[in-house]
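Undergrad: First the structure, which I've put down as structure tokens, then a few questions once you've had a look.
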Amino acid sequence: VDWGNAVSTPLLAFRNMANVGPRMICSDKYERVSNRNREREPIQENELRITAQGRMSQYLSYALSLFKEPEGPDDEQKQPASSVTLKGMGRAIAKTVSVAEIIKHRVPDLHQVTESYSSELRDVWEPLEEGLNTVVQTRQVPAIT
């Protein structure tokens, strides 16, 4: 066994890869397959999924509207929410914490229960050239609820 060749082979595979944030992307030999087919748990009625791209003012106005009494005739059947669940993953954790703190200051007698965990995400990369294998990258992403 040629150990010098075994060590250099993985390094050669990463020379064409550009390090973009937490992901490794190979632009000339692989393309990422869309993750739209993965199963997601349904969003509950009083649940907000915070993203890094979303606007904090939008999240705040929606969450605060859930706590308000219904005003119009169409809203007579709706009751004000007794709780709201905020969920954020990865780079959205800081925004999730900020939204929760602002809501706590604006809604009286509101208490916070926080759960932190990590979620496993799988990225699938399909080869653009023949002879290459499909690459599956598994990563642990922190999340907060």
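Here's how to read the names in the structure tokens: chain A, B, ... by the order shown, residue numbers from 1 in each chain, ligand numbers from 1 in the order shown.
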Write down as a count of residues only the residues belonging to range 28-93 of chain A that are assigned alpha helix (DSSP H) by DSSP computed on the backbone.

TA: 13

Undergrad: Using only C-alpha atoms, which residues sit within 12 Å of Val107 in chain A once same-chain residues fewer than 2 positions away are excluded, as a ChimeraX atom specification?

TA: /A:60,63-68,81-84,100-105,109-112

Undergrad: Do a neighbour search on Glu115 in chain A at 9 Å with only C-alpha atoms, toss out local chain neighbours closer than 5 positions, and write the hits as a PyMOL selection string.

TA: chain A and resi 143-145

Undergrad: Mind checking which residues fall within 9 Å of Met89 in chain A, counting only C-alpha atoms, ignoring those fewer than 5 positions away in the same chain, and posting them as an MDAnalysis selection string?

TA: chainID A and resid 49:52 96 118:119 141:145

Undergrad: Could you save those same residues with N, CA and C atoms as a compact mmCIF listing (two decimals), in the first residue's frame?

TA:
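part-v3.txt, freshly written:
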```
# COMPACT_ATOMS: atom_id res chain seq x y z
N ARG A 49 -41.56 29.86 12.26
CA ARG A 49 -40.23 29.35 11.92
C ARG A 49 -39.40 30.53 11.44
N ILE A 50 -38.45 30.91 12.27
CA ILE A 50 -37.62 32.07 12.02
C ILE A 50 -36.47 31.67 11.09
N THR A 51 -36.22 32.49 10.06
CA THR A 51 -35.11 32.25 9.15
C THR A 51 -34.13 33.42 9.23
N ALA A 52 -32.93 33.20 8.74
CA ALA A 52 -31.91 34.25 8.76
C ALA A 52 -32.27 35.37 7.79
N THR A 96 -34.01 34.45 16.53
CA THR A 96 -35.09 33.80 17.29
C THR A 96 -35.07 34.25 18.74
N SER A 118 -29.87 19.71 18.34
CA SER A 118 -29.24 19.75 17.02
C SER A 118 -30.02 18.84 16.09
N SER A 119 -30.10 19.26 14.86
CA SER A 119 -30.85 18.53 13.85
C SER A 119 -29.88 18.07 12.77
N VAL A 141 -26.86 20.63 12.65
CA VAL A 141 -27.15 22.05 12.70
C VAL A 141 -27.83 22.35 14.04
N PRO A 142 -27.33 23.32 14.80
CA PRO A 142 -27.97 23.65 16.07
C PRO A 142 -29.34 24.30 15.82
N ALA A 143 -30.25 24.07 16.75
CA ALA A 143 -31.60 24.63 16.64
C ALA A 143 -32.11 25.00 18.03
N ILE A 144 -33.09 25.88 18.05
CA ILE A 144 -33.69 26.32 19.31
C ILE A 144 -35.20 26.43 19.12
N THR A 145 -35.94 26.07 20.14
CA THR A 145 -37.40 26.18 20.14
C THR A 145 -37.84 26.90 21.40
```

Undergrad: Enter the distance from CA of Trp125 in chain A to CA of Arg32 in chain A, in Å, rounded to one decimal.

TA: 4.4 Å

Undergrad: Near range 126-140 of chain A, counting only C-alpha atoms, which residues have an atom at most 9 Å away, once you skip same-chain residues fewer than 3 positions from it, shown as a PyMOL selection string?

TA: chain A and resi 28-33+118-123

Undergrad: Could you tell me how far CA of Pro42 in chain A lies from CA of Glu69 in chain A, in Å and to one decimal?

TA: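 Value for the CA of Pro42 in chain A-CA of Glu69 in chain A distance: 25.5 Å.
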
Undergrad: What is the distance between CA of Ser98 in chain A and CA of Met56 in chain A, in Å to one decimal?

TA: 8.6 Å

Undergrad: Check the DSSP output for the backbone and give back, as a PyMOL selection string, the residues of range 78-143 of chain A in strand (DSSP E or B).

TA: chain A and resi 85-89+116-127+135-143
